[in-house]
Structures are given as structure tokens and as C-alpha cells.
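A.B. asks: My structure is in target.cif, and what it holds is mmCIF, C-alpha atoms:
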data_upload
#
loop_
_atom_site.label_atom_id
_atom_site.label_comp_id
_atom_site.auth_asym_id
_atom_site.auth_seq_id
_atom_site.Cartn_x
_atom_site.Cartn_y
_atom_site.Cartn_z
CA MET A 1 44.97 35.94 107.97
CA ASN A 2 47.43 33.69 109.84
CA PRO A 3 46.78 30.10 108.64
CA GLU A 4 46.61 28.82 112.24
CA THR A 5 43.98 31.42 113.18
CA ASN A 6 41.99 30.64 110.07
CA SER A 7 42.13 26.94 110.86
CA LEU A 8 41.12 27.59 114.48
CA LYS A 9 37.96 29.37 113.32
CA LYS A 10 37.01 26.41 111.14
CA VAL A 11 37.60 23.94 113.97
CA LYS A 12 35.50 25.99 116.41
CA ALA A 13 32.60 26.01 113.94
CA LEU A 14 33.02 22.26 113.44
CA ALA A 15 33.03 21.62 117.20
CA GLY A 16 29.89 23.74 117.68
CA ALA A 17 27.97 21.57 115.24
CA GLU A 18 29.46 18.35 116.55
CA LEU A 19 28.61 19.05 120.20
CA SER A 20 24.88 19.60 119.76
CA VAL A 21 23.06 18.12 122.78
CA GLY A 22 19.76 17.94 120.89
CA ALA A 23 21.18 15.54 118.31
CA ARG A 24 22.55 13.21 121.01
CA LEU A 25 19.36 13.07 123.04
CA GLY A 26 17.38 12.77 119.81
CA TYR A 27 19.15 9.49 119.08
CA VAL A 28 18.41 8.30 122.64
CA ALA A 29 14.71 9.08 122.11
CA LEU A 30 14.79 7.29 118.75
CA LEU A 31 16.34 4.22 120.38
CA LEU A 32 13.72 4.13 123.15
CA VAL A 33 10.73 4.57 120.84
CA ALA A 34 12.06 2.06 118.29
CA ALA A 35 12.78 -0.51 121.03
CA ALA A 36 9.29 -0.08 122.50
CA MET A 37 7.56 -0.40 119.13
CA THR A 38 9.63 -3.45 118.23
CA THR A 39 8.75 -5.04 121.57
CA VAL A 40 5.02 -4.54 121.02
CA MET A 41 5.34 -5.89 117.48
CA VAL A 42 7.24 -9.03 118.56
CA SER A 43 4.82 -9.64 121.45
CA LEU A 44 1.84 -9.51 119.10
CA TRP A 45 3.57 -11.61 116.48
CA PHE A 46 4.52 -14.46 118.80
CA THR A 47 1.43 -14.55 120.99
CA GLU A 48 -1.38 -14.34 118.43
CA PRO A 49 -2.32 -17.91 117.45
CA SER A 50 -2.73 -19.01 113.84
CA LEU A 51 -1.93 -15.75 112.05
CA PRO A 52 -2.17 -15.83 108.24
CA ILE A 53 1.14 -15.91 106.38
CA ARG A 54 0.63 -12.37 105.04
CA THR A 55 0.09 -10.96 108.54
CA GLN A 56 3.14 -12.82 109.82
CA ALA A 57 5.18 -11.40 106.96
CA ALA A 58 3.92 -7.89 107.78
CA PHE A 59 4.92 -8.34 111.44
CA GLY A 60 8.30 -9.60 110.32
CA VAL A 61 8.90 -6.59 108.09
CA MET A 62 7.78 -4.14 110.80
CA THR A 63 10.03 -5.86 113.35
CA LEU A 64 12.97 -5.59 110.94
CA ILE A 65 12.25 -1.89 110.47
CA GLY A 66 12.18 -1.42 114.26
CA VAL A 67 15.45 -3.32 114.68
CA GLY A 68 16.95 -1.21 111.89
CA TRP A 69 16.05 2.03 113.69
CA CYS A 70 17.50 0.66 116.93
CA ALA A 71 20.72 -0.30 115.14
CA LEU A 72 20.98 3.14 113.55
CA ALA A 73 20.53 4.88 116.92
CA VAL A 74 23.08 2.62 118.62
CA TRP A 75 25.60 3.15 115.81
CA ALA A 76 25.12 6.93 115.93
CA LEU A 77 25.54 6.99 119.70
CA ARG A 78 28.69 4.89 119.52
CA ALA A 79 30.44 6.35 116.50
CA ARG A 80 29.02 9.76 115.64
CA ARG A 81 27.45 11.30 118.72
CA PRO A 82 28.86 9.55 121.80
CA LEU A 83 27.26 10.60 125.06
CA PHE A 84 29.33 12.49 127.60
CA ALA A 85 28.94 11.72 131.31
CA ARG A 86 26.30 14.43 131.87
CA ASP A 87 24.39 13.38 128.72
CA ARG A 88 24.42 9.77 129.95
CA VAL A 89 22.73 10.76 133.19
CA ILE A 90 20.03 12.64 131.25
CA ALA A 91 19.67 9.74 128.79
CA GLY A 92 19.44 7.27 131.71
CA GLY A 93 16.70 9.38 133.28
CA MET A 94 14.85 9.48 129.96
CA ALA A 95 15.16 5.70 129.64
CA VAL A 96 13.86 5.06 133.17
CA THR A 97 10.88 7.39 132.65
CA PHE A 98 10.02 5.97 129.24
CA THR A 99 10.36 2.31 130.19
CA SER A 100 8.33 2.92 133.40
CA LEU A 101 5.49 4.33 131.29
CA PHE A 102 5.83 1.43 128.87
CA ALA A 103 5.73 -1.16 131.65
CA ALA A 104 2.73 0.62 133.21
CA ALA A 105 0.91 0.52 129.86
CA GLY A 106 1.74 -3.19 129.64
CA LEU A 107 0.33 -3.74 133.14
CA ALA A 108 -2.84 -1.85 132.20
CA ALA A 109 -3.20 -4.06 129.11
CA VAL A 110 -2.79 -7.17 131.28
CA ILE A 111 -5.51 -5.95 133.68
CA VAL A 112 -7.92 -4.89 130.93
CA ALA A 113 -7.36 -7.51 128.23
CA GLY A 114 -5.30 -10.23 129.90
CA SER A 115 -4.15 -11.46 126.51
CA PRO A 116 -0.84 -13.29 125.99
CA ALA A 117 0.41 -10.27 123.96
CA ALA A 118 -0.30 -7.98 126.94
CA TYR A 119 1.65 -10.31 129.25
CA GLY A 120 4.52 -10.39 126.75
CA THR A 121 4.58 -6.59 126.51
CA PHE A 122 4.48 -6.20 130.28
CA ALA A 123 7.26 -8.73 130.84
CA THR A 124 9.47 -7.09 128.21
CA GLY A 125 8.62 -3.67 129.69
CA LEU A 126 9.86 -4.85 133.08
CA LEU A 127 13.05 -6.21 131.51
CA MET A 128 13.64 -2.91 129.69
CA LEU A 129 12.98 -0.98 132.92
CA SER A 130 15.54 -3.03 134.82
CA ILE A 131 18.13 -2.45 132.10
CA ALA A 132 17.32 1.30 132.11
CA ILE A 133 17.71 1.48 135.89
CA SER A 134 21.10 -0.26 135.79
CA VAL A 135 22.25 2.06 132.95
CA PHE A 136 21.06 5.09 134.94
CA ILE A 137 22.87 3.95 138.10
CA GLY A 138 26.07 3.31 136.12
CA ALA A 139 25.84 6.75 134.49
CA ARG A 140 25.36 8.48 137.85
CA ARG A 141 28.34 6.61 139.33
CA ARG A 142 30.59 7.57 136.43
CA PHE A 143 29.42 11.18 136.64
CA ALA A 144 30.06 11.30 140.40
CA ALA A 145 33.54 9.76 139.96
CA LEU A 146 34.48 12.35 137.32
CA MET A 147 33.11 15.19 139.46
CA ALA A 148 35.17 13.97 142.43
CA LYS A 149 38.30 13.78 140.25
CA ARG A 150 37.59 17.24 138.93
CA ALA A 151 37.25 18.68 142.45
CA ALA A 152 40.50 17.01 143.55
CA LEU A 153 42.37 18.40 140.54
CA GLU A 154 40.98 21.88 141.05
CA LEU A 155 42.11 21.77 144.68
CA ALA A 156 45.57 20.54 143.70
CA LEU A 157 45.88 23.31 141.12
CA VAL A 158 44.89 25.97 143.66
CA ARG A 159 47.58 24.64 146.01
CA LEU A 160 50.18 24.67 143.26
CA VAL A 161 49.60 28.34 142.43
CA PRO A 162 52.43 30.27 144.10
CA MET B 1 66.81 19.60 125.05
CA SER B 2 63.16 19.83 126.00
CA THR B 3 62.34 20.97 129.53
CA PRO B 4 60.17 18.80 131.78
CA ILE B 5 56.48 19.69 131.74
CA PRO B 6 55.49 21.50 134.97
CA PRO B 7 53.12 19.45 137.17
CA ASN B 8 50.48 22.18 137.24
CA GLU B 9 50.39 22.15 133.41
CA LEU B 10 49.88 18.36 133.40
CA ARG B 11 47.11 18.67 136.01
CA ALA B 12 45.48 21.51 134.07
CA ASP B 13 45.43 19.30 130.96
CA GLU B 14 43.96 16.39 132.92
CA LEU B 15 41.30 18.69 134.40
CA LEU B 16 40.42 19.95 130.94
CA ALA B 17 40.04 16.37 129.66
CA ILE B 18 37.79 15.46 132.60
CA ARG B 19 35.60 18.52 132.04
CA CYS B 20 35.26 17.45 128.41
CA GLN B 21 34.34 13.90 129.48
CA LEU B 22 31.69 15.39 131.74
CA GLY B 23 30.26 17.12 128.67
CA GLU B 24 31.01 20.77 129.42
CA ARG B 25 30.83 22.63 126.13
CA ALA B 26 33.06 25.43 127.42
CA ALA B 27 35.78 22.87 128.19
CA PHE B 28 35.90 21.85 124.53
CA ALA B 29 36.45 25.48 123.59
CA ASP B 30 39.30 25.64 126.12
CA LEU B 31 40.76 22.35 124.88
CA ILE B 32 40.73 23.58 121.30
CA LYS B 33 42.21 26.93 122.31
CA ARG B 34 44.97 25.17 124.27
CA TRP B 35 45.91 22.44 121.77
CA HIS B 36 44.95 23.63 118.32
CA ARG B 37 48.19 25.44 117.63
CA PRO B 38 50.56 22.62 118.73
CA LEU B 39 48.50 20.08 116.77
CA TRP B 40 48.36 22.28 113.70
CA ARG B 41 52.12 22.84 113.82
CA TYR B 42 52.79 19.15 114.30
CA LEU B 43 50.58 18.25 111.33
CA ARG B 44 52.00 21.14 109.30
CA ARG B 45 55.40 19.51 109.63
CA LEU B 46 54.03 16.26 108.31
CA ALA B 47 52.06 17.94 105.51
CA ALA B 48 53.47 20.03 102.74
CA ASN B 49 51.11 22.97 102.79
CA ASP B 50 48.65 24.82 104.98
CA GLU B 51 45.57 23.44 103.22
CA VAL B 52 46.52 19.81 103.84
CA ALA B 53 47.41 20.64 107.46
CA ASP B 54 44.00 22.34 107.85
CA ASP B 55 42.28 19.27 106.55
CA LEU B 56 44.22 16.93 108.82
CA VAL B 57 43.71 19.06 111.91
CA GLN B 58 39.95 19.21 111.32
CA ASP B 59 39.83 15.42 111.02
CA THR B 60 41.88 15.19 114.20
CA TRP B 61 39.50 17.40 116.20
CA LEU B 62 36.51 15.49 114.89
CA ARG B 63 38.02 12.25 116.19
CA VAL B 64 38.99 13.93 119.48
CA ILE B 65 35.43 15.17 120.10
CA ARG B 66 33.99 11.76 119.23
CA GLY B 67 36.57 9.82 121.21
CA ILE B 68 37.31 11.77 124.39
CA ALA B 69 34.37 10.25 126.28
CA GLY B 70 36.16 6.89 125.92
CA LEU B 71 39.60 8.14 127.02
CA ARG B 72 40.42 5.88 129.99
CA ASP B 73 43.17 7.89 131.63
CA ALA B 74 42.59 11.64 131.39
CA ALA B 75 46.15 12.23 132.61
CA ARG B 76 47.39 10.89 129.26
CA VAL B 77 45.52 13.44 127.18
CA ARG B 78 48.69 14.90 125.60
CA PRO B 79 50.01 11.70 123.97
CA TRP B 80 46.41 10.73 123.18
CA LEU B 81 45.85 13.95 121.20
CA PHE B 82 49.08 13.60 119.26
CA GLY B 83 48.38 9.90 118.76
CA ILE B 84 45.11 10.77 117.05
CA ALA B 85 46.80 13.45 114.92
CA ARG B 86 49.42 10.94 113.92
CA ARG B 87 46.85 8.29 112.99
CA VAL B 88 44.93 10.84 110.91
CA ALA B 89 48.10 11.74 109.00
CA MET B 90 49.11 8.09 108.56
CA ASP B 91 45.60 7.10 107.43
CA ARG B 92 45.77 9.83 104.80
CA LEU B 93 49.18 8.64 103.65
CA ARG B 94 48.00 5.03 103.48
CA ALA B 95 44.93 6.05 101.49
CA LEU B 96 47.07 7.95 99.02
CA TYR B 97 49.63 5.17 98.66
CA ALA B 98 46.83 2.65 98.19
CA HIS B 99 45.85 4.44 94.97
CA PRO B 100 49.19 5.71 93.64
CA HIS B 101 48.00 5.83 90.06
CA ASP B 102 45.04 8.07 90.81
CA ASP B 103 47.05 11.14 91.48
CA ASP B 104 50.73 10.88 92.40
CA SER B 105 50.96 14.58 93.09
CA ARG B 106 48.65 14.23 96.09
CA ILE B 107 51.21 12.04 97.85
CA GLU B 108 53.64 14.89 97.49
CA GLU B 109 51.13 17.07 99.30
CA ILE B 110 51.50 14.93 102.40
CA ALA B 111 55.18 14.03 102.24
CA ALA B 112 56.55 17.50 101.84
CA PRO B 113 59.29 18.04 99.24
CA VAL B 114 62.17 20.35 99.93
CA ASP B 115 63.25 21.37 96.45
CA GLU B 116 60.33 23.63 95.83
CA LEU B 117 60.76 25.67 98.95
CA GLU B 118 62.36 29.02 98.54
CA LEU B 119 65.06 29.57 101.07
CA GLU B 120 64.51 33.21 101.79
CA SER B 121 65.62 33.29 105.42
CA ASP B 122 67.12 31.13 108.14
CA LEU B 123 63.63 30.25 109.32
CA ALA B 124 62.65 29.14 105.87
CA ALA B 125 65.87 27.13 105.72
CA LEU B 126 64.97 25.43 108.99
CA GLU B 127 61.51 24.62 107.73
CA ALA B 128 63.01 23.29 104.53
CA GLY B 129 65.58 21.26 106.45
CA LEU B 130 62.82 19.66 108.46
CA ALA B 131 60.81 19.00 105.34
CA SER B 132 63.79 17.22 103.76
CA LEU B 133 63.89 14.61 106.52
CA PRO B 134 62.20 11.23 106.21
CA VAL B 135 58.73 11.22 107.81
CA ARG B 136 59.77 9.29 110.96
CA GLU B 137 62.67 11.58 111.80
CA ARG B 138 60.68 14.70 110.91
CA GLU B 139 57.89 13.56 113.17
CA ALA B 140 60.28 12.87 116.06
CA LEU B 141 61.82 16.32 115.82
CA ALA B 142 58.42 18.00 115.54
CA LEU B 143 57.07 16.22 118.60
CA PHE B 144 60.17 16.76 120.69
CA TYR B 145 61.27 20.26 119.85
CA LEU B 146 57.82 21.74 119.92
CA ARG B 147 58.24 20.83 123.61
CA GLU B 148 54.92 19.17 123.75
CA LEU B 149 55.94 15.58 124.48
CA THR B 150 58.60 13.90 126.58
CA ILE B 151 60.66 10.93 125.34
CA GLU B 152 58.45 8.60 127.42
CA GLU B 153 55.23 10.05 125.99
CA MET B 154 56.64 9.83 122.47
CA SER B 155 57.55 6.21 123.13
CA VAL B 156 53.91 5.42 124.04
CA LEU B 157 52.53 7.44 121.16
CA LEU B 158 54.83 5.99 118.50
CA GLY B 159 54.64 2.47 119.93
CA VAL B 160 58.43 2.07 120.04
CA PRO B 161 60.91 1.82 122.94
CA ALA B 162 62.37 5.02 124.39
CA GLY B 163 65.76 4.00 122.94
CA THR B 164 64.31 3.97 119.43
CA VAL B 165 62.82 7.42 119.98
CA LYS B 166 66.27 8.67 121.06
CA SER B 167 67.96 7.09 118.05
CA ARG B 168 65.39 8.63 115.70
CA LEU B 169 66.04 12.02 117.28
CA PHE B 170 69.79 11.51 116.97
CA ARG B 171 69.47 10.50 113.31
CA ALA B 172 67.14 13.43 112.63
CA ARG B 173 69.58 15.89 114.14
CA GLU B 174 72.42 14.41 112.11
CA LEU B 175 70.43 14.64 108.90
CA LEU B 176 69.42 18.19 109.70
CA ARG B 177 73.01 19.11 110.45
CA ARG B 178 74.10 17.68 107.10
CA GLU B 179 71.34 19.61 105.39
CA PHE B 180 72.53 22.85 106.93
CA ARG B 181 76.15 22.17 105.93
CA LYS B 182 75.20 22.24 102.28
CA PRO B 183 76.54 25.41 100.71
CA GLY B 184 74.07 28.27 100.52
CA VAL B 185 71.45 26.73 102.80
CA ILE B 186 71.86 29.21 105.64
CA ALA B 187 72.24 32.78 104.53
#
Could you rewrite the structure in this file as C-alpha cells?
C.D. replies:
Amino acid sequence: MNPETNSLKKVKALAGAELSVGARLGYVALLLVAAAMTTVMVSLWFTEPSLPIRTQAAFGVMTLIGVGWCALAVWALRARRPLFARDRVIAGGMAVTFTSLFAAAGLAAVIVAGSPAAYGTFATGLLMLSIAISVFIGARRRFAALMAKRAALELALVRLVP
Amino acid sequence: MSTPIPPNELRADELLAIRCQLGERAAFADLIKRWHRPLWRYLRRLAANDEVADDLVQDTWLRVIRGIAGLRDAARVRPWLFGIARRVAMDRLRALYAHPHDDDSRIEEIAAPVDELELESDLAALEAGLASLPVREREALALFYLRELTIEEMSVLLGVPAGTVKSRLFRARELLRREFRKPGVIA
């Protein structure tokens, strides 16, 4: 077989594996869940008065684990599985939905328990929701800009065809 | 001399890059179909054999897929692609030179030798002539005469002024001419 053709086959197989949408959105889900769990953990840790040293150490370890998962997801999304414009819109939508649910759960906890930890969770939930909304809006803008550019180029190419 | 790239070809490349940035899987297939051969041939001229070129081109495509979402100007996709291929080849060279005692023969795999090539035809002689050039000159000829990049694009890609690109091309042509004047090179 021609070496170029052989190489082309290998590259196509490589691209197929590399472009998996599931893997990308999986890392987004991991980031959201890890961030939410870490938030709950930190809220409990800092709002519960006079915790024994052992419990504080356990909270610390669990927070570190949560931060570690967040870091892994961010690294993967930056270096290994970067999101394309369409994926970013989906990921933004996921983030808005998830953080809305999280903030709603925080609000429910405030109403039912009214503890400082519930307030902390709710406040962080609102902060995460606002970040998610701004990320979602940015993703939609970028997507729209690329779509507009694409349409303009397609039109220009049609005009150039003799 | 290389002919100017038609505007519709440049726009088609830009459109392909934008479709990839949008995340269309089919666009990646088109991008690979369009650019695999020129990239492979470019890297094949920097490498000594098909296996090394295969390896380099796979690394190149991996970096392209991971990096195209961050490409700021989709109109510059051509020099961007060759820039990545070049960095992949240079990274490999640097890695091999960093450990010269590990396996000297592997450096030879990247910087192709000419002596071992059998000059069976004029085409083989041309390939061998190219392989005998220093890496910079070989690279300049490969980029230019494959008609994939203009002098200006090469200047951006190589990070040198257009005048330097021209002088490298001139030197490469001179060296190649000398190579061909050697008795028995062209049948």
C-alpha cells in the first residue's frame, strides 16, 4: 500500500478517537459535580463551629480531593479534549442547568434548616450560576460569530464559482 | 516559481477551519483529506523514512485537533498547519540531540542521509539531492516547491524575514544544482 494512504488511514482512526463528544462532555460533567461537592464540603467545614481536629482534617482531605478532580477536568478540557464552539454551547447549557439546581437546593436548605452552611451553599450556588450564565452567553456569542463567518464564506465561494 | 494561491482555495481553507472550530466532525475528515498528503510530504522531506514521517504526521494531526479551537485567525490555517508540523519535527530533533549517547542512529532517522539512497532514477536522484541539503534549506524547498506556501506565509511560519526565506531558497537551489552536477547523479 502507498505509504501516504496507509498513514491517512491511521490518522483517520486517531481523529475518530480524539473527537469523541462523550469524552468532552464527560469532563464538563466531572467538573460541575466536583465543584458542587467541593462547595458543599467547604461550606460545612467553615460554618460548623468547634469541629474536632479529626473532622476538620477529614473535611480538608475531602476538599483537596474535590479540588484535585476539578483540576484534572480543567486540565483535560484545556490540553487533551478542548471544547469546540458547539460543545461549549452544550457545556454552557449543562452548567446553567446544574448550577440552577444546585442553587435551588441551597435555597431549600436555607428555608428548611436556615443553618450557616445552608446560607454558604446557597451563596456559592448563586455565584456559580452567575459564572455559568456568563460562560453560556460567551459560548453562544462565539458560536453565532463563527456561524455568521461561515455563511459569509459560503456565499463568497458560491459567487466565485464560474 | 510557485503560482499564487487562488482566492477561492484560500476561502475554502478558511471555511474548513471555521467548520472545525464549530465542532463539525465531518469538517475534520475534510481537513485531513485536504491536508494530509502535503503535510506528510513535507515531513517526509524532513525525515529519512516513511515510518518516521508517519509518526511525525500523526503527532501533527493530534496537535491540530487539540489546537484548532484556539486558532485566532482561520484565514491563516495553511501556515498554522505547517507551523505545527515544523514544531513537531523540531521537537523530535531536539529530543534526539538532547540524548545523543542513547542512540545516535535515531538522529540519522530524522536528518536524512544521502549516501544510503540508491539512485535508480531521476526522481530518486531528486529525492536524494533534497535529502543531502541542510535541514533549513531542505525545509525551504519542500515548503515552496510543494506549492503550498507563499514566501510571505513561509516568513511567518519560519519566523524570519521574507529576504531570509528568499536567500535560503537561493542557497538551496545552488546546493541542489551542485549536487546534480556531480558525475553520475542524473542518469
A.B. asks: Decode the PyMOL selection byres ((chain B and resi 30-34) around 12) for the given file into explicit residues and return them as a PyMOL selection string.
C.D. replies: (chain A and resi 4-5+7-16) or (chain B and resi 9+12-21+24-29+35-40+57-58+60-62+64-65+68+77-78+81+148)
A.B. asks: Please find the residues of chain A near chain B - the criterion being any atom within 8 Å, counting all atoms listed in the file - and write them as a ChimeraX atom specification.
C.D. replies: /A:3-4,7-8,10-12,14-15,18-19,79-87,143,146-147,149-150,153-154,157,160
A.B. asks: Between atom CA of Phe136 of chain A and atom CA of Phe102 of chain A, what is the distance in Å, rounded to a tenth?
C.D. replies: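 Computing the Euclidean distance for atom CA of Phe136 of chain A and atom CA of Phe102 of chain A yields 16.8 Å.
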A.B. asks: Please indicate the distance in Å from atom CA of Leu30 of chain A to atom CA of Pro116 of chain A, rounded to one decimal place.
C.D. replies: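 Interatomic distance, atom CA of Leu30 of chain A to atom CA of Pro116 of chain A: 26.8 Å.
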A.B. asks: I need the output of the PyMOL selection byres ((chain A and resi 123) around 12) for this file as a ChimeraX atom specification; which residues are they?
C.D. replies: /A:39-40,43,99-100,102-107,109-110,116-122,124-130
A.B. asks: Measuring between only C-alpha atoms, which one of A:Leu44, A:Leu72, A:Val89, A:Leu31 shows the shortest distance to Gly138 of chain A?
C.D. replies: A:Val89
A.B. asks: I'd like to know which of B:Leu43, B:Ala140, B:Ala172, B:Met90 is closest to Met154 of chain B, using only C-alpha atoms.
C.D. replies: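 Answer, going by the shortest atom-to-atom distance: B:Ala140.
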A.B. asks: What does the distance from atom CA of Val52 of chain B to atom CA of Arg178 of chain B come to in Å, to one decimal?
C.D. replies: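 The value is 27.9 Å.
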